[in-house]
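Source file: my_file28.txt. Holds: compact mmCIF, C-alpha atoms.
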```
# COMPACT_ATOMS: atom_id res chain seq x y z
CA MET S 1 -4.82 22.84 -2.51
CA PRO S 2 -1.85 20.67 -1.50
CA ARG S 3 -2.35 17.05 -0.50
CA TRP S 4 -0.59 15.28 2.35
CA ALA S 5 0.67 11.75 1.70
CA ILE S 6 0.86 9.63 4.85
CA GLY S 7 2.85 6.44 5.33
CA ASP S 8 1.79 3.01 6.57
CA LEU S 9 -0.54 3.22 9.58
CA GLN S 10 -0.87 -0.50 10.36
CA GLY S 11 -3.38 0.08 13.11
CA CYS S 12 -1.52 2.91 14.88
CA LEU S 13 -4.29 5.46 15.39
CA ASP S 14 -2.82 7.55 18.20
CA PRO S 15 0.20 8.71 16.14
CA LEU S 16 -2.16 9.51 13.26
CA ARG S 17 -4.36 11.68 15.46
CA ALA S 18 -1.29 13.52 16.74
CA LEU S 19 0.03 13.98 13.20
CA LEU S 20 -3.27 15.33 11.91
CA ARG S 21 -3.29 17.97 14.65
CA ARG S 22 -0.21 19.38 12.88
CA ILE S 23 -1.91 19.48 9.47
CA PRO S 24 -4.36 22.28 8.62
CA ALA S 25 -7.93 21.08 8.99
CA GLY S 26 -9.53 20.07 5.74
CA GLU S 27 -6.37 19.73 3.66
CA PRO S 28 -6.68 16.58 1.51
CA LEU S 29 -4.88 13.38 2.45
CA VAL S 30 -3.72 10.21 0.73
CA PHE S 31 -2.77 7.13 2.73
CA VAL S 32 -0.31 4.92 0.86
CA GLY S 33 -1.76 1.62 2.08
CA ASP S 34 -1.58 -0.81 4.99
CA LEU S 35 -4.18 0.91 7.12
CA VAL S 36 -4.43 -2.12 9.40
CA ASN S 37 -2.61 -5.06 11.00
CA ARG S 38 0.32 -5.56 13.36
CA GLY S 39 -0.55 -2.42 15.36
CA PRO S 40 -2.86 -2.17 18.39
CA GLN S 41 -5.82 -0.22 16.95
CA SER S 42 -6.74 -1.77 13.63
CA LEU S 43 -10.50 -1.50 14.07
CA ALA S 44 -10.43 2.09 15.32
CA THR S 45 -7.96 3.07 12.59
CA LEU S 46 -10.11 1.62 9.84
CA ARG S 47 -13.20 3.39 11.14
CA PHE S 48 -11.31 6.66 11.54
CA VAL S 49 -9.95 6.70 7.98
CA ARG S 50 -13.31 5.69 6.54
CA ASP S 51 -14.99 8.52 8.43
CA LEU S 52 -12.63 11.06 6.86
CA GLY S 53 -14.85 10.69 3.81
CA GLU S 54 -13.88 12.56 0.66
CA ARG S 55 -11.00 14.30 2.41
CA ALA S 56 -8.86 11.18 2.15
CA VAL S 57 -7.83 8.73 -0.54
CA ALA S 58 -6.84 5.42 1.05
CA LEU S 59 -4.84 2.98 -1.07
CA LEU S 60 -4.86 -0.77 -0.56
CA GLY S 61 -1.71 -2.38 0.79
CA ASN S 62 -0.79 -6.02 1.24
CA HIS S 63 -2.08 -6.07 4.83
CA ASP S 64 -5.40 -4.61 3.74
CA LEU S 65 -5.73 -7.26 1.03
CA HIS S 66 -4.85 -9.92 3.61
CA LEU S 67 -7.72 -8.70 5.79
CA LEU S 68 -10.08 -8.93 2.82
CA ALA S 69 -8.89 -12.45 2.04
CA VAL S 70 -9.39 -13.58 5.64
CA ALA S 71 -12.84 -11.97 5.71
CA ALA S 72 -13.68 -13.76 2.46
CA GLY S 73 -12.65 -17.11 3.96
CA VAL S 74 -9.96 -17.77 1.36
CA ARG S 75 -6.95 -17.19 3.61
CA PRO S 76 -6.34 -18.21 7.24
CA PRO S 77 -5.31 -15.51 9.71
CA HIS S 78 -1.66 -15.24 10.77
CA ALA S 79 -0.59 -15.64 14.38
CA ASP S 80 0.63 -12.03 14.51
CA ASP S 81 -2.47 -10.48 12.92
CA THR S 82 -4.34 -7.78 14.83
CA VAL S 83 -7.46 -7.73 12.64
CA GLN S 84 -9.71 -10.12 14.53
CA GLU S 85 -11.46 -7.20 16.19
CA ILE S 86 -12.49 -6.02 12.71
CA LEU S 87 -13.82 -9.46 11.83
CA ASP S 88 -15.80 -9.55 15.09
CA ALA S 89 -17.10 -5.97 14.85
CA PRO S 90 -20.85 -5.30 14.48
CA ASP S 91 -20.08 -3.12 11.45
CA ARG S 92 -17.77 -5.71 9.88
CA ALA S 93 -19.78 -5.93 6.66
CA GLU S 94 -19.76 -2.18 6.13
CA LEU S 95 -16.03 -1.90 6.85
CA ILE S 96 -15.09 -4.77 4.53
CA ASP S 97 -17.31 -3.38 1.79
CA TRP S 98 -15.71 0.05 2.15
CA LEU S 99 -12.19 -1.38 2.16
CA ARG S 100 -12.59 -3.51 -0.96
CA ARG S 101 -13.65 -0.39 -2.88
CA ARG S 102 -10.39 1.47 -2.20
CA PRO S 103 -7.97 2.07 -5.10
CA LEU S 104 -4.60 0.43 -5.66
CA ALA S 105 -3.07 3.50 -7.30
CA PHE S 106 -3.81 7.21 -7.43
CA ALA S 107 -2.33 10.10 -9.38
CA GLU S 108 -2.65 13.84 -8.87
CA GLY S 109 -0.53 16.91 -9.50
CA GLY S 110 2.29 15.05 -11.19
CA ALA S 111 2.69 12.40 -8.47
CA LEU S 112 1.79 8.71 -8.70
CA TYR S 113 0.88 7.06 -5.40
CA VAL S 114 1.10 3.28 -4.81
CA HIS S 115 1.65 1.11 -1.78
CA ALA S 116 4.82 -0.77 -2.77
CA GLY S 117 6.18 -0.18 -6.25
CA VAL S 118 5.85 -0.02 -10.01
CA LEU S 119 7.37 -2.48 -12.46
CA PRO S 120 10.06 -1.07 -14.77
CA PRO S 121 8.10 -1.17 -18.06
CA TRP S 122 4.96 0.44 -16.66
CA THR S 123 4.23 4.08 -17.33
CA ALA S 124 2.14 6.02 -14.83
CA ALA S 125 -0.87 5.75 -17.15
CA GLN S 126 -0.42 1.99 -17.53
CA THR S 127 -0.04 1.59 -13.77
CA LEU S 128 -3.36 3.34 -13.21
CA ALA S 129 -5.06 1.29 -15.91
CA LEU S 130 -3.79 -2.02 -14.52
CA ALA S 131 -4.76 -1.01 -11.00
CA ALA S 132 -8.25 -0.21 -12.28
CA GLU S 133 -8.58 -3.74 -13.71
CA VAL S 134 -7.97 -5.26 -10.27
CA GLU S 135 -10.17 -2.67 -8.58
CA ARG S 136 -13.10 -3.69 -10.78
CA ASN S 137 -12.67 -7.29 -9.64
CA LEU S 138 -12.51 -6.34 -5.97
CA ARG S 139 -15.64 -4.22 -6.30
CA GLY S 140 -17.56 -6.89 -8.20
CA ASN S 141 -19.92 -9.61 -7.06
CA HIS S 142 -17.24 -12.32 -7.23
CA TRP S 143 -14.53 -10.55 -5.24
CA GLN S 144 -14.08 -13.48 -2.87
CA ARG S 145 -13.32 -15.83 -5.76
CA ASP S 146 -10.84 -13.38 -7.25
CA LEU S 147 -9.02 -12.95 -3.94
CA ALA S 148 -8.55 -16.71 -3.72
CA THR S 149 -6.26 -16.59 -6.77
CA MET S 150 -4.06 -13.64 -5.78
CA TYR S 151 -1.50 -15.55 -3.68
CA GLY S 152 1.80 -16.73 -5.12
CA ASN S 153 5.04 -15.28 -6.49
CA GLU S 154 4.52 -16.19 -10.15
CA PRO S 155 4.57 -14.79 -12.71
CA ALA S 156 7.54 -12.77 -11.52
CA ARG S 157 7.83 -10.78 -14.77
CA TRP S 158 5.27 -8.65 -16.50
CA HIS S 159 4.13 -9.52 -20.01
CA ASP S 160 1.44 -7.58 -21.81
CA ASP S 161 -0.21 -10.83 -22.86
CA LEU S 162 -0.80 -12.04 -19.30
CA ARG S 163 -4.46 -12.86 -18.71
CA GLY S 164 -6.78 -13.95 -15.94
CA ALA S 165 -5.46 -14.81 -12.50
CA GLU S 166 -1.82 -14.56 -13.57
CA ARG S 167 -2.33 -11.00 -14.78
CA THR S 168 -4.17 -10.00 -11.62
CA ARG S 169 -1.57 -11.65 -9.37
CA CYS S 170 1.32 -9.93 -11.11
CA VAL S 171 -0.33 -6.52 -10.80
CA ILE S 172 -1.22 -7.02 -7.13
CA ASN S 173 2.28 -8.27 -6.28
CA ALA S 174 3.91 -5.28 -7.93
CA LEU S 175 1.64 -2.66 -6.41
CA THR S 176 1.51 -4.11 -2.89
CA ARG S 177 4.59 -6.31 -2.30
CA LEU S 178 7.45 -5.15 -4.54
CA ARG S 179 10.85 -4.09 -3.19
CA VAL S 180 13.58 -5.29 -5.55
CA VAL S 181 13.82 -6.49 -9.14
CA ARG S 182 16.33 -8.34 -11.28
CA PRO S 183 17.87 -6.86 -14.44
CA ASP S 184 15.15 -8.48 -16.57
CA GLY S 185 12.49 -6.79 -14.42
CA ALA S 186 11.50 -9.94 -12.53
CA MET S 187 10.28 -9.39 -8.97
CA GLU S 188 12.17 -10.95 -6.03
CA LEU S 189 9.22 -11.10 -3.64
CA LYS S 190 10.73 -13.08 -0.75
CA PHE S 191 13.14 -10.28 0.13
CA LYS S 192 12.09 -8.01 3.03
CA ALA S 193 15.29 -6.49 4.45
CA GLY S 194 17.00 -3.18 3.69
CA PRO S 195 18.46 -2.43 0.26
CA GLY S 196 22.01 -3.10 1.50
CA GLN S 197 21.04 -6.75 2.01
CA ALA S 198 19.32 -7.26 -1.32
CA PRO S 199 20.03 -10.53 -3.16
CA PRO S 200 22.98 -10.35 -5.57
CA GLY S 201 21.97 -9.04 -8.96
CA THR S 202 18.85 -7.23 -7.73
CA VAL S 203 18.22 -3.51 -7.30
CA PRO S 204 15.44 -1.53 -5.67
CA TRP S 205 12.59 -1.31 -8.16
CA PHE S 206 13.04 2.46 -8.40
CA ASP S 207 16.71 2.10 -9.42
CA HIS S 208 16.09 -0.12 -12.43
CA PRO S 209 17.72 1.73 -15.37
CA ALA S 210 14.77 1.13 -17.68
CA ARG S 211 12.05 2.33 -15.29
CA ALA S 212 9.41 4.08 -17.39
CA THR S 213 8.23 6.25 -14.45
CA ARG S 214 11.68 7.76 -13.91
CA ASP S 215 10.63 11.13 -15.31
CA GLY S 216 7.79 11.49 -12.79
CA VAL S 217 7.49 11.09 -9.04
CA VAL S 218 6.30 7.89 -7.36
CA VAL S 219 5.24 8.09 -3.71
CA PHE S 220 5.05 4.79 -1.83
CA GLY S 221 5.30 3.05 1.53
CA HIS S 222 5.64 -0.66 2.39
CA TRP S 223 9.43 -0.77 2.89
CA SER S 224 10.05 0.02 6.55
CA THR S 225 13.60 -1.33 6.40
CA LEU S 226 14.30 1.28 3.72
CA GLY S 227 12.69 4.02 5.79
CA HIS S 228 11.98 7.54 4.69
CA LEU S 229 13.56 8.30 1.33
CA ALA S 230 13.22 11.58 -0.56
CA ARG S 231 14.60 11.82 -4.08
CA PRO S 232 13.46 13.87 -7.06
CA ASP S 233 11.86 10.78 -8.61
CA VAL S 234 10.67 8.74 -5.59
CA VAL S 235 9.52 9.27 -2.02
CA CYS S 236 9.16 6.44 0.52
CA LEU S 237 6.98 7.26 3.51
CA ASP S 238 7.15 4.03 5.51
CA SER S 239 9.29 5.06 8.47
CA GLY S 240 8.28 2.09 10.63
CA CYS S 241 5.66 3.60 12.91
CA VAL S 242 4.34 0.19 13.91
CA TRP S 243 7.87 -0.86 14.92
CA GLY S 244 8.45 2.19 17.12
CA GLY S 245 9.77 4.50 14.39
CA ALA S 246 7.77 7.44 13.13
CA LEU S 247 4.66 8.16 11.09
CA SER S 248 5.66 10.28 8.11
CA ALA S 249 3.60 12.74 6.09
CA MET S 250 4.73 14.71 3.05
CA ARG S 251 2.86 17.64 1.58
CA TRP S 252 2.78 17.58 -2.19
CA PRO S 253 3.97 19.41 -4.20
CA ASP S 254 6.27 21.42 -1.91
CA ARG S 255 7.53 18.25 -0.12
CA THR S 256 7.18 19.61 3.40
CA LEU S 257 7.85 16.67 5.74
CA LEU S 258 6.23 16.00 9.10
CA GLN S 259 7.15 13.05 11.28
CA GLN S 260 5.31 11.92 14.39
CA PRO S 261 7.26 9.69 16.81
CA CYS S 262 5.56 6.39 17.55
CA ARG S 263 5.57 4.43 20.75
CA PRO S 264 8.25 1.71 20.73
CA GLY S 265 6.77 -1.74 20.60
CA ALA S 266 3.53 -0.62 19.01
CA ALA S 267 3.50 -3.81 16.94
CA THR S 268 2.73 -7.26 18.24
CA ASP S 269 5.58 -9.71 17.71
```

For this file, write the structure as structure tokens.
Amino acid sequence: MPRWAIGDLQGCLDPLRALLRRIPAGEPLVFVGDLVNRGPQSLATLRFVRDLGERAVALLGNHDLHLLAVAAGVRPPHADDTVQEILDAPDRAELIDWLRRRPLAFAEGGALYVHAGVLPPWTAAQTLALAAEVERNLRGNHWQRDLATMYGNEPARWHDDLRGAERTRCVINALTRLRVVRPDGAMELKFKAGPGQAPPGTVPWFDHPARATRDGVVVFGHWSTLGHLARPDVVCLDSGCVWGGALSAMRWPDRTLLQQPCRPGAATD
């Protein structure tokens, strides 16, 4: 059975409901992260995706990790967050517990799914293994402590001998924040604009000439200023729904594309 990959929701439930009416009932789904935040329906969106049960794989994005960190008391909320309703919900504990057990990477049918990107030296198998290391921490009894160490932009480069918090931080940054890299593979994590405005000497992570996943297909979201991108080796599904763009879904492996227009101004500024 094919599986539909769906771009960043960010609390935009109405476009998701409309999109799912165009997808045959029961066909499997994978959400490429950022289920919540910035949009108007974060609580309802989180409940809806959770209630899809085994039909859907939901990856963790940077906004989802931010919610977990705020819930754990290790990160203050941002002024433009729209997750307070989750934190105030009567089922908060159940929702947070469900969210922290979501994967950071998923592979099926020759496609590797992540929220943001993959570092050049990582193979698909290594990406999954490194994601699993972080997932074990998030699912463990000391997840709050581990989240407290995930913030920061260093180390910017991957080394196989990284250990502890530095190793975890590097993996999380790559899988949930990455957009561009330098020739040596170092992440430039402050950059958020479109690829045409990338800092001199950097390239989109998927254009690095030594990328070990080049022979496969990586499906990701996160980069709304890049927008929908469909190439033989990569597919970006963040078409800026929360900013009034569209919610994109791609059926794998035939790459059928569906896009649901989103209401302009869906995000809070």

Q. Between S:Phe48, S:Leu16, S:Ala107, S:Arg102, which is the closest to Ala129 (chain S) once you count all atoms listed in the file?
A.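 Answer, going by the shortest atom-to-atom distance: S:Ala107.
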
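Across S:Glu166, S:Glu108, S:Asp215, S:Asp97, the tightest approach to Trp4 (chain S) is made by S:Glu108 when counting all atoms listed in the file.
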
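Between CA of His208 (chain S) and CA of Gly164 (chain S) lies a distance of 27.0 Å.
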
- So which residues are close to (-14.5, -15.9, -1.1), meaning at most 8 Å away in the file's coordinates with only C-alpha atoms counted, and can you show them as a list in words?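 Taken together, the residues in range are Ala69, Ala72, Gly73, Val74, His142, Trp143, Gln144, Arg145, Asp146, Leu147 and Ala148 of chain S.
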
Rounded to one decimal place, report the CA of Gly109 (chain S)-CA of Cys12 (chain S) distance in Å.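 Answer for the CA of Gly109 (chain S) to CA of Cys12 (chain S) separation: 28.1 Å.
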
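Atom pair CA of Pro15 (chain S) / CA of Leu247 (chain S) has a distance of 6.8 Å (rounded to one decimal).
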
For a quick check of your reading of the model, name the residues lying within 12 Å of the coordinate (12.0, 5.9, 7.8), counting all atoms listed in the file, and write them as a PDB file with C-alpha atoms, in the frame of the given file.
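Written out: result.pdb:
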```pdb
ATOM      1  CA  GLY S   7       2.850   6.440   5.330  1.00  0.00           C
ATOM      2  CA  ASP S   8       1.790   3.010   6.570  1.00  0.00           C
ATOM      3  CA  GLY S 194      17.000  -3.180   3.690  1.00  0.00           C
ATOM      4  CA  PHE S 220       5.050   4.790  -1.830  1.00  0.00           C
ATOM      5  CA  GLY S 221       5.300   3.050   1.530  1.00  0.00           C
ATOM      6  CA  HIS S 222       5.640  -0.660   2.390  1.00  0.00           C
ATOM      7  CA  TRP S 223       9.430  -0.770   2.890  1.00  0.00           C
ATOM      8  CA  SER S 224      10.050   0.020   6.550  1.00  0.00           C
ATOM      9  CA  THR S 225      13.600  -1.330   6.400  1.00  0.00           C
ATOM     10  CA  LEU S 226      14.300   1.280   3.720  1.00  0.00           C
ATOM     11  CA  GLY S 227      12.690   4.020   5.790  1.00  0.00           C
ATOM     12  CA  HIS S 228      11.980   7.540   4.690  1.00  0.00           C
ATOM     13  CA  LEU S 229      13.560   8.300   1.330  1.00  0.00           C
ATOM     14  CA  ALA S 230      13.220  11.580  -0.560  1.00  0.00           C
ATOM     15  CA  VAL S 235       9.520   9.270  -2.020  1.00  0.00           C
ATOM     16  CA  CYS S 236       9.160   6.440   0.520  1.00  0.00           C
ATOM     17  CA  LEU S 237       6.980   7.260   3.510  1.00  0.00           C
ATOM     18  CA  ASP S 238       7.150   4.030   5.510  1.00  0.00           C
ATOM     19  CA  SER S 239       9.290   5.060   8.470  1.00  0.00           C
ATOM     20  CA  GLY S 240       8.280   2.090  10.630  1.00  0.00           C
ATOM     21  CA  CYS S 241       5.660   3.600  12.910  1.00  0.00           C
ATOM     22  CA  VAL S 242       4.340   0.190  13.910  1.00  0.00           C
ATOM     23  CA  TRP S 243       7.870  -0.860  14.920  1.00  0.00           C
ATOM     24  CA  GLY S 244       8.450   2.190  17.120  1.00  0.00           C
ATOM     25  CA  GLY S 245       9.770   4.500  14.390  1.00  0.00           C
ATOM     26  CA  ALA S 246       7.770   7.440  13.130  1.00  0.00           C
ATOM     27  CA  LEU S 247       4.660   8.160  11.090  1.00  0.00           C
ATOM     28  CA  SER S 248       5.660  10.280   8.110  1.00  0.00           C
ATOM     29  CA  ALA S 249       3.600  12.740   6.090  1.00  0.00           C
ATOM     30  CA  LEU S 257       7.850  16.670   5.740  1.00  0.00           C
ATOM     31  CA  LEU S 258       6.230  16.000   9.100  1.00  0.00           C
ATOM     32  CA  GLN S 259       7.150  13.050  11.280  1.00  0.00           C
ATOM     33  CA  GLN S 260       5.310  11.920  14.390  1.00  0.00           C
ATOM     34  CA  PRO S 261       7.260   9.690  16.810  1.00  0.00           C
ATOM     35  CA  CYS S 262       5.560   6.390  17.550  1.00  0.00           C
TER      36      CYS S 262
END
```

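Closest approach to Arg136 (chain S) from the set S:Ser42, S:Asn62, S:Thr168, S:Thr123 is made by S:Thr168, with distances taken over all atoms listed in the file.
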
So, counting only C-alpha atoms, which residue among S:Leu128, S:Met250, S:Val118, S:Ala79 is closest to Thr213 (chain S)?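 Closest candidate: S:Val118.
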
Which residues are near His115 (chain S)? Cut-off 12 Å, only C-alpha atoms, ignore same chain within fewer than 2 positions. Put them as a ChimeraX atom specification.
/S:5-9,30-35,58-65,103-106,112-113,117-118,131,171-179,218-224,235-238

Using the incomplete input, complete region 115-126 of chain S to the level of all heavy atoms; output as a PDB file, keeping the file's coordinate frame.
```
ATOM      1  N   HIS S 115       1.203   1.592  -3.085  1.00  0.00           N
ATOM      2  CA  HIS S 115       1.650   1.110  -1.780  1.00  0.00           C
ATOM      3  C   HIS S 115       3.113   0.668  -1.814  1.00  0.00           C
ATOM      4  O   HIS S 115       3.906   1.068  -0.953  1.00  0.00           O
ATOM      5  CB  HIS S 115       0.799  -0.055  -1.302  1.00  0.00           C
ATOM      6  CG  HIS S 115       1.297  -0.650  -0.014  1.00  0.00           C
ATOM      7  ND1 HIS S 115       1.406   0.084   1.146  1.00  0.00           N
ATOM      8  CD2 HIS S 115       1.787  -1.893   0.292  1.00  0.00           C
ATOM      9  CE1 HIS S 115       1.902  -0.670   2.117  1.00  0.00           C
ATOM     10  NE2 HIS S 115       2.153  -1.873   1.620  1.00  0.00           N
ATOM     11  N   ALA S 116       3.490  -0.159  -2.797  1.00  0.00           N
ATOM     12  CA  ALA S 116       4.820  -0.770  -2.770  1.00  0.00           C
ATOM     13  C   ALA S 116       5.718  -0.314  -3.911  1.00  0.00           C
ATOM     14  O   ALA S 116       6.819   0.176  -3.675  1.00  0.00           O
ATOM     15  CB  ALA S 116       4.701  -2.296  -2.780  1.00  0.00           C
ATOM     16  N   GLY S 117       5.297  -0.514  -5.146  1.00  0.00           N
ATOM     17  CA  GLY S 117       6.180  -0.180  -6.250  1.00  0.00           C
ATOM     18  C   GLY S 117       5.509  -0.276  -7.597  1.00  0.00           C
ATOM     19  O   GLY S 117       4.323  -0.583  -7.703  1.00  0.00           O
ATOM     20  N   VAL S 118       6.302  -0.018  -8.621  1.00  0.00           N
ATOM     21  CA  VAL S 118       5.850  -0.020 -10.010  1.00  0.00           C
ATOM     22  C   VAL S 118       6.881  -0.792 -10.819  1.00  0.00           C
ATOM     23  O   VAL S 118       8.090  -0.558 -10.685  1.00  0.00           O
ATOM     24  CB  VAL S 118       5.730   1.424 -10.552  1.00  0.00           C
ATOM     25  CG1 VAL S 118       5.325   1.416 -12.018  1.00  0.00           C
ATOM     26  CG2 VAL S 118       4.736   2.232  -9.723  1.00  0.00           C
ATOM     27  N   LEU S 119       6.433  -1.699 -11.650  1.00  0.00           N
ATOM     28  CA  LEU S 119       7.370  -2.480 -12.460  1.00  0.00           C
ATOM     29  C   LEU S 119       8.040  -1.605 -13.514  1.00  0.00           C
ATOM     30  O   LEU S 119       7.446  -0.637 -14.005  1.00  0.00           O
ATOM     31  CB  LEU S 119       6.635  -3.647 -13.123  1.00  0.00           C
ATOM     32  CG  LEU S 119       6.276  -4.783 -12.156  1.00  0.00           C
ATOM     33  CD1 LEU S 119       5.460  -5.850 -12.868  1.00  0.00           C
ATOM     34  CD2 LEU S 119       7.525  -5.402 -11.540  1.00  0.00           C
ATOM     35  N   PRO S 120       9.295  -1.944 -13.878  1.00  0.00           N
ATOM     36  CA  PRO S 120      10.060  -1.070 -14.770  1.00  0.00           C
ATOM     37  C   PRO S 120       9.362  -0.680 -16.068  1.00  0.00           C
ATOM     38  O   PRO S 120       9.432   0.488 -16.460  1.00  0.00           O
ATOM     39  CB  PRO S 120      11.335  -1.882 -15.032  1.00  0.00           C
ATOM     40  CG  PRO S 120      11.510  -2.698 -13.795  1.00  0.00           C
ATOM     41  CD  PRO S 120      10.116  -3.062 -13.368  1.00  0.00           C
ATOM     42  N   PRO S 121       8.662  -1.587 -16.763  1.00  0.00           N
ATOM     43  CA  PRO S 121       8.100  -1.170 -18.060  1.00  0.00           C
ATOM     44  C   PRO S 121       6.831  -0.352 -17.958  1.00  0.00           C
ATOM     45  O   PRO S 121       6.378   0.185 -18.983  1.00  0.00           O
ATOM     46  CB  PRO S 121       7.828  -2.512 -18.763  1.00  0.00           C
ATOM     47  CG  PRO S 121       7.611  -3.487 -17.665  1.00  0.00           C
ATOM     48  CD  PRO S 121       8.522  -3.035 -16.551  1.00  0.00           C
ATOM     49  N   TRP S 122       6.250  -0.234 -16.778  1.00  0.00           N
ATOM     50  CA  TRP S 122       4.960   0.440 -16.660  1.00  0.00           C
ATOM     51  C   TRP S 122       5.124   1.957 -16.631  1.00  0.00           C
ATOM     52  O   TRP S 122       5.897   2.501 -15.839  1.00  0.00           O
ATOM     53  CB  TRP S 122       4.246   0.028 -15.379  1.00  0.00           C
ATOM     54  CG  TRP S 122       3.805  -1.389 -15.318  1.00  0.00           C
ATOM     55  CD1 TRP S 122       3.875  -2.329 -16.310  1.00  0.00           C
ATOM     56  CD2 TRP S 122       3.235  -2.047 -14.190  1.00  0.00           C
ATOM     57  NE1 TRP S 122       3.377  -3.529 -15.862  1.00  0.00           N
ATOM     58  CE2 TRP S 122       2.974  -3.387 -14.568  1.00  0.00           C
ATOM     59  CE3 TRP S 122       2.911  -1.643 -12.895  1.00  0.00           C
ATOM     60  CZ2 TRP S 122       2.406  -4.310 -13.692  1.00  0.00           C
ATOM     61  CZ3 TRP S 122       2.340  -2.559 -12.015  1.00  0.00           C
ATOM     62  CH2 TRP S 122       2.097  -3.880 -12.418  1.00  0.00           C
ATOM     63  N   THR S 123       4.372   2.636 -17.455  1.00  0.00           N
ATOM     64  CA  THR S 123       4.230   4.080 -17.330  1.00  0.00           C
ATOM     65  C   THR S 123       3.233   4.379 -16.224  1.00  0.00           C
ATOM     66  O   THR S 123       2.537   3.478 -15.724  1.00  0.00           O
ATOM     67  CB  THR S 123       3.722   4.689 -18.636  1.00  0.00           C
ATOM     68  OG1 THR S 123       2.387   4.181 -18.881  1.00  0.00           O
ATOM     69  CG2 THR S 123       4.633   4.343 -19.802  1.00  0.00           C
ATOM     70  N   ALA S 124       3.121   5.645 -15.837  1.00  0.00           N
ATOM     71  CA  ALA S 124       2.140   6.020 -14.830  1.00  0.00           C
ATOM     72  C   ALA S 124       0.730   5.710 -15.323  1.00  0.00           C
ATOM     73  O   ALA S 124      -0.113   5.186 -14.570  1.00  0.00           O
ATOM     74  CB  ALA S 124       2.271   7.501 -14.488  1.00  0.00           C
ATOM     75  N   ALA S 125       0.462   6.009 -16.594  1.00  0.00           N
ATOM     76  CA  ALA S 125      -0.870   5.750 -17.150  1.00  0.00           C
ATOM     77  C   ALA S 125      -1.174   4.257 -17.161  1.00  0.00           C
ATOM     78  O   ALA S 125      -2.299   3.834 -16.839  1.00  0.00           O
ATOM     79  CB  ALA S 125      -0.963   6.324 -18.558  1.00  0.00           C
ATOM     80  N   GLN S 126      -0.199   3.433 -17.522  1.00  0.00           N
ATOM     81  CA  GLN S 126      -0.420   1.990 -17.530  1.00  0.00           C
ATOM     82  C   GLN S 126      -0.624   1.461 -16.114  1.00  0.00           C
ATOM     83  O   GLN S 126      -1.457   0.571 -15.885  1.00  0.00           O
ATOM     84  CB  GLN S 126       0.756   1.272 -18.193  1.00  0.00           C
ATOM     85  CG  GLN S 126       0.533  -0.225 -18.374  1.00  0.00           C
ATOM     86  CD  GLN S 126       1.681  -0.906 -19.097  1.00  0.00           C
ATOM     87  OE1 GLN S 126       2.758  -0.315 -19.289  1.00  0.00           O
ATOM     88  NE2 GLN S 126       1.489  -2.136 -19.524  1.00  0.00           N
TER      89      GLN S 126
END
```
